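Asks: Okay, here's the structure, questions in a sec.
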Amino acid sequence: MEPKQHHVVCFPAPAQGHINPMTNLAKLLHSKGFLITFVHTEFNFDQQAISRGQDSPFIHGINGFYFETIPDGLPKDNKRGAKEHPDLCRAMASGEEPKNALRSLLRKLLASSDKPPITSVILDAQLNFAFEVVKEFDIRVFPFHTASACAVLGYLHYNELVNKGLFPLSGKNVNNGILDTPVDWIPGLFKGAKLKHLPSFIRSDEDEMMFINYNIVSAENAVDSRTLILNTFDDLEYNALQQIKSKIPNLVTIGPLPLLCDQQPQIQQFRSNLFTEDSNCLNWLDQRSPKSVIYVNYGSLATLTYDQLTEFAWGLANSNQYFLWIIREDLVNGETRVLSKEFMDEIKERGMIARWCRQETVVKHPSIAVFLTHCGWNSTLESVGEGIPVICWPFFADQSTNCAYAFEEWGIGMEIGDEDGDVKRTRVEIVVREMMEGEIGEKIRVRALELKNMARIATRFGGSSCNSFEELVKWLTLGVSCD
Ligand code: UDP
């Protein structure tokens with residue numbers, strides 16, 4: 001049977017950092033002839049229509065790549081911004097509306113006479129409610145965890161942490177230095193890993209047990225299905241991957257996905273940003289010399305206090321370097337104050353500020369020297385793929401894990417937070433200067449280029465990620481059992 005006959009449903013969790021890698025994977029499969037139904041929440045679909053424009057192929061779909069939507073279970077007037085993200089997680093985790101809608105959608109797709117029936121669902125590993133629904137049908141599920149392997153290894157041990165009585169950690173415990181407890185009993189983590197390096201939900205209190213529980217359940221789902229897709233590459237996270245493999249034998253490691261997409265000439269070029277991209281950023285970067293710009297972006301969900309924003313601002317200004325700084329509309333928590341005129345005057349010759357950019361293109365730009373990032377996994381890996389060293393300011397979830405790896409294990413980054421996890425302008429200035437001009441910075445830059453080379457080898461024909469993708473295609477196409 002031709003691969004075209006195979007119809008795969010791709011369903012990401014409704015957040016930018018999940019939608020982008022799932023879109024890349026869906027586009028790769030489409031380029032191999034798979035028919036794709038991509039499921040969005042209604043809100044995100046509308047959001048993309050606004051940011052991409054009504055004429056975008058994203059809206060209408062293209063030959064063999066279709067979009068479907070389900071409600072997210074939140075009331076219409078919920079803003080669904082960074083602050084409301086926990087509401088969204090709760091609504092998707094426990095609401096009946098998304099469940100019923102997904103069930104109806106799968107029924108419709110299975111009964112469809114104008115498209116081949118679906119054979120597999122590639123499901124965001126953190127959408128536990130969707131696992132329950134898909135299990136009701138005779139369809140194979142391939143969980144896709146969009147975090148790093150080192151973070152997934154942490155999630156796989158959340159249960160044991162609960163059993164050991166190590167969390168949930170109340171605020172009191174966190175302040176008692178418990179986060180410095182070594183976790184040497186989790187094989188595969190880097191030497192010297194501590195509790196604070198595990199995905200941050202362990203810092204939750206009793207009220208937030210939901211975040212711990214859904215990660216425990218999602219890890220169990222992946223173990224049960226014996227299969228897991230990860231956006232990483234073998235040489236980057238070898239030890240963590242080996243350990244995950246001992247629990248989940250069918251590991252598919254296809255990262256960095258943007259590089260794997262670059263290898264496919266016939267891939268569709270549409271993008272998946274929920275926010276409107278400011279293309280002036282790229283024009284501004286075109287005016288800059290090679291390796292002269294610090295790129296600053298905290299992803300789609302991290303927030304800052306106004307004081308932190310000010311410290312970053314003056315640290316960047318005082319470093320005297322060129323910088324492109326993305327300040328999302330809801331980046332600053334509950335504050336309407338804007339950056340001072342004094343600051344704007346100071347940086348007007350060397351700073352560019354925008355609300356959102358096309359990051360995959362920005363990190364490829366020859367003018368970018370360093371990425372000051374919140375260490376979301378996509379941002380981290382996009383940076384690795386382009387050989388850009390990172391300055392780390394982790395916010396939540398797997399970001400502290402990724403930050404620790406960038407700094408301790410891969411040697412491609414420096415941390416910017418102080419002992420209390422806060423940021424000071426002097427530290428920003430010092431770290432930026434070191435990364436741009438210093439001796440330690442030089443070593444880090446060399447190491448970042450080594451990883452870039454490894455990432456390129458992995459995604460080229462015959463490389464580990466390329467081979468792993470071909471294996472996934474085989475499983476999806478031939479109905480070959482993963483085992
Ligand atoms: N991104 C982008 N433009 C921006 C900020 C982010 O295109 O201005 C993309 C970025 O390339 C990445 C995703 O959004 O693919 C963010 O995912 P990540 O895992 O880095 O962080 P999250 O938003 O999930 O915290």
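So you can find residues: chains in the structure tokens are A, B, ... in the order shown, residues in each start at 1, and ligands are numbered from 1 in order.
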Find the residues near ligand 1. Use a cut-off of 7 Å, count only C-alpha atoms and all ligand atoms, and write them as a VMD selection string.

Replies: chain A and resid 15 to 18 20 to 21 273 297 to 302 326 355 to 360 375 to 380 382

Asks: Could you pull the residues within 6 Å of Pro98 (chain A), counting only C-alpha atoms, minus those fewer than 6 positions along the same chain, as a list of chain:residue names?

Replies: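 Contacts, in chain order: A:Pro71, A:Asp72, A:Gly73.
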
Asks: Determine the nearest neighbour of Arg328 (chain A) from the options A:Gly351, A:Pro14, A:Gly33, A:Gly81, counting only C-alpha atoms.

Replies: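 Closest residue, counting only C-alpha atoms: A:Gly81.
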
Asks: If you count only C-alpha atoms, which residues fall within 8 Å of Ala455 (chain A), apart from same-chain ones fewer than 2 positions away, as a tab-separated table (two decimals) with N, CA and C atoms, in the first residue's frame?

Replies:
chain	number	residue	atom	x	y	z
A	233	PHE	N	18.60	14.51	19.96
A	233	PHE	CA	19.41	13.57	19.18
A	233	PHE	C	20.31	12.77	20.10
A	255	GLY	N	15.44	14.84	16.69
A	255	GLY	CA	15.77	16.26	16.79
A	255	GLY	C	17.14	16.59	16.24
A	256	PRO	N	17.49	17.87	16.12
A	256	PRO	CA	16.54	18.97	16.23
A	256	PRO	C	15.59	18.98	15.03
A	259	LEU	N	16.13	21.22	11.98
A	259	LEU	CA	17.20	20.80	11.07
A	259	LEU	C	16.75	19.63	10.20
A	384	VAL	N	21.13	25.09	19.91
A	384	VAL	CA	22.14	24.03	19.71
A	384	VAL	C	22.33	23.77	18.22
A	385	GLY	N	21.23	23.69	17.48
A	385	GLY	CA	21.29	23.38	16.06
A	385	GLY	C	22.02	24.43	15.24
A	451	LEU	N	28.67	21.15	19.15
A	451	LEU	CA	27.32	20.56	19.23
A	451	LEU	C	26.53	20.79	17.95
A	452	LYS	N	26.72	21.97	17.35
A	452	LYS	CA	26.04	22.25	16.07
A	452	LYS	C	26.43	21.20	15.04
A	453	ASN	N	27.71	20.91	15.00
A	453	ASN	CA	28.20	19.91	14.05
A	453	ASN	C	27.57	18.54	14.32
A	457	ILE	N	25.15	16.34	11.85
A	457	ILE	CA	25.43	14.95	11.47
A	457	ILE	C	24.21	14.07	11.79
A	458	ALA	N	23.58	14.32	12.95
A	458	ALA	CA	22.44	13.49	13.36
A	458	ALA	C	21.26	13.62	12.39
A	459	THR	N	21.10	14.81	11.81
A	459	THR	CA	19.89	15.03	10.99
A	459	THR	C	20.14	14.80	9.50

Asks: Enumerate the residues of region 341-449 of chain A with a DSSP assignment of helix (DSSP H, G or I), computed from the backbone, and present them as number ranges by chain.

Replies: A: 341-347, 359-362, 377-386, 399-409, 425-437, 439-449

Asks: How many Å separate CA of Ala369 (chain A) from CA of Ile388 (chain A)?

Replies: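 Here the two named atoms are 6.3 Å from each other.
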
Asks: Identify, on the basis of only C-alpha atoms, every residue whose closest approach to Asn159 (chain A) does not exceed 10 Å; exclude the query and any residue fewer than 2 positions from it along the same chain; express the result as a list in words.

Replies: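 Counting only the stated atoms, we get Gly154, Tyr155, Leu156, His157, Leu161, Val162, Asn163, Lys164, Gly165, Phe167, Ile212, Asn213, Asn215, Ile216, Val217, Ala219 and Glu220 of chain A.
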
Asks: Write to file, as a PDB file, in the first residue's frame, the residues of the selection just made, with N, CA, C and O atoms.

Replies:
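Now in out34.pdb:
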ATOM      1  N   GLY A 154      13.461  12.832  34.378  1.00  0.00           N
ATOM      2  CA  GLY A 154      12.965  13.340  35.661  1.00  0.00           C
ATOM      3  C   GLY A 154      11.498  12.995  35.862  1.00  0.00           C
ATOM      4  O   GLY A 154      11.106  12.464  36.909  1.00  0.00           O
ATOM      5  N   TYR A 155      10.678  13.243  34.846  1.00  0.00           N
ATOM      6  CA  TYR A 155       9.240  12.941  34.967  1.00  0.00           C
ATOM      7  C   TYR A 155       9.025  11.446  35.237  1.00  0.00           C
ATOM      8  O   TYR A 155       8.130  11.063  35.981  1.00  0.00           O
ATOM      9  N   LEU A 156       9.856  10.618  34.621  1.00  0.00           N
ATOM     10  CA  LEU A 156       9.701   9.168  34.819  1.00  0.00           C
ATOM     11  C   LEU A 156       9.986   8.768  36.267  1.00  0.00           C
ATOM     12  O   LEU A 156       9.636   7.662  36.682  1.00  0.00           O
ATOM     13  N   HIS A 157      10.651   9.657  37.008  1.00  0.00           N
ATOM     14  CA  HIS A 157      10.954   9.342  38.412  1.00  0.00           C
ATOM     15  C   HIS A 157      10.117  10.154  39.397  1.00  0.00           C
ATOM     16  O   HIS A 157      10.337  10.061  40.600  1.00  0.00           O
ATOM     17  N   LEU A 161       9.772   9.938  43.634  1.00  0.00           N
ATOM     18  CA  LEU A 161       9.982  11.072  44.535  1.00  0.00           C
ATOM     19  C   LEU A 161       8.820  11.208  45.510  1.00  0.00           C
ATOM     20  O   LEU A 161       9.015  11.500  46.691  1.00  0.00           O
ATOM     21  N   VAL A 162       7.624  10.958  45.000  1.00  0.00           N
ATOM     22  CA  VAL A 162       6.458  11.003  45.892  1.00  0.00           C
ATOM     23  C   VAL A 162       6.591   9.887  46.917  1.00  0.00           C
ATOM     24  O   VAL A 162       6.431  10.100  48.133  1.00  0.00           O
ATOM     25  N   ASN A 163       6.946   8.688  46.445  1.00  0.00           N
ATOM     26  CA  ASN A 163       7.082   7.542  47.352  1.00  0.00           C
ATOM     27  C   ASN A 163       8.155   7.784  48.402  1.00  0.00           C
ATOM     28  O   ASN A 163       8.049   7.331  49.539  1.00  0.00           O
ATOM     29  N   LYS A 164       9.217   8.473  48.023  1.00  0.00           N
ATOM     30  CA  LYS A 164      10.296   8.758  48.984  1.00  0.00           C
ATOM     31  C   LYS A 164       9.920   9.908  49.911  1.00  0.00           C
ATOM     32  O   LYS A 164      10.712  10.310  50.745  1.00  0.00           O
ATOM     33  N   GLY A 165       8.749  10.490  49.700  1.00  0.00           N
ATOM     34  CA  GLY A 165       8.296  11.598  50.545  1.00  0.00           C
ATOM     35  C   GLY A 165       9.022  12.895  50.232  1.00  0.00           C
ATOM     36  O   GLY A 165       9.022  13.834  51.017  1.00  0.00           O
ATOM     37  N   PHE A 167       8.440  14.995  47.651  1.00  0.00           N
ATOM     38  CA  PHE A 167       7.556  16.084  47.267  1.00  0.00           C
ATOM     39  C   PHE A 167       6.117  15.616  47.234  1.00  0.00           C
ATOM     40  O   PHE A 167       5.864  14.444  47.302  1.00  0.00           O
ATOM     41  N   ILE A 212       1.913  17.727  39.265  1.00  0.00           N
ATOM     42  CA  ILE A 212       2.725  16.542  39.520  1.00  0.00           C
ATOM     43  C   ILE A 212       2.008  15.315  38.974  1.00  0.00           C
ATOM     44  O   ILE A 212       2.580  14.506  38.241  1.00  0.00           O
ATOM     45  N   ASN A 213       0.717  15.232  39.309  1.00  0.00           N
ATOM     46  CA  ASN A 213      -0.037  14.034  38.921  1.00  0.00           C
ATOM     47  C   ASN A 213      -0.111  13.860  37.416  1.00  0.00           C
ATOM     48  O   ASN A 213       0.043  12.762  36.915  1.00  0.00           O
ATOM     49  N   ASN A 215       1.924  14.774  35.225  1.00  0.00           N
ATOM     50  CA  ASN A 215       3.219  14.316  34.687  1.00  0.00           C
ATOM     51  C   ASN A 215       3.498  12.861  35.051  1.00  0.00           C
ATOM     52  O   ASN A 215       4.119  12.133  34.274  1.00  0.00           O
ATOM     53  N   ILE A 216       3.015  12.452  36.218  1.00  0.00           N
ATOM     54  CA  ILE A 216       3.166  11.029  36.586  1.00  0.00           C
ATOM     55  C   ILE A 216       2.339  10.168  35.628  1.00  0.00           C
ATOM     56  O   ILE A 216       2.825   9.174  35.078  1.00  0.00           O
ATOM     57  N   VAL A 217       1.092  10.583  35.398  1.00  0.00           N
ATOM     58  CA  VAL A 217       0.218   9.790  34.522  1.00  0.00           C
ATOM     59  C   VAL A 217       0.765   9.789  33.096  1.00  0.00           C
ATOM     60  O   VAL A 217       0.788   8.757  32.421  1.00  0.00           O
ATOM     61  N   ALA A 219       3.835  10.027  32.148  1.00  0.00           N
ATOM     62  CA  ALA A 219       4.983   9.109  32.092  1.00  0.00           C
ATOM     63  C   ALA A 219       4.488   7.661  32.051  1.00  0.00           C
ATOM     64  O   ALA A 219       5.006   6.835  31.284  1.00  0.00           O
ATOM     65  N   GLU A 220       3.455   7.368  32.845  1.00  0.00           N
ATOM     66  CA  GLU A 220       2.919   5.991  32.843  1.00  0.00           C
ATOM     67  C   GLU A 220       2.329   5.628  31.479  1.00  0.00           C
ATOM     68  O   GLU A 220       2.488   4.513  30.991  1.00  0.00           O
TER      69      GLU A 220
END
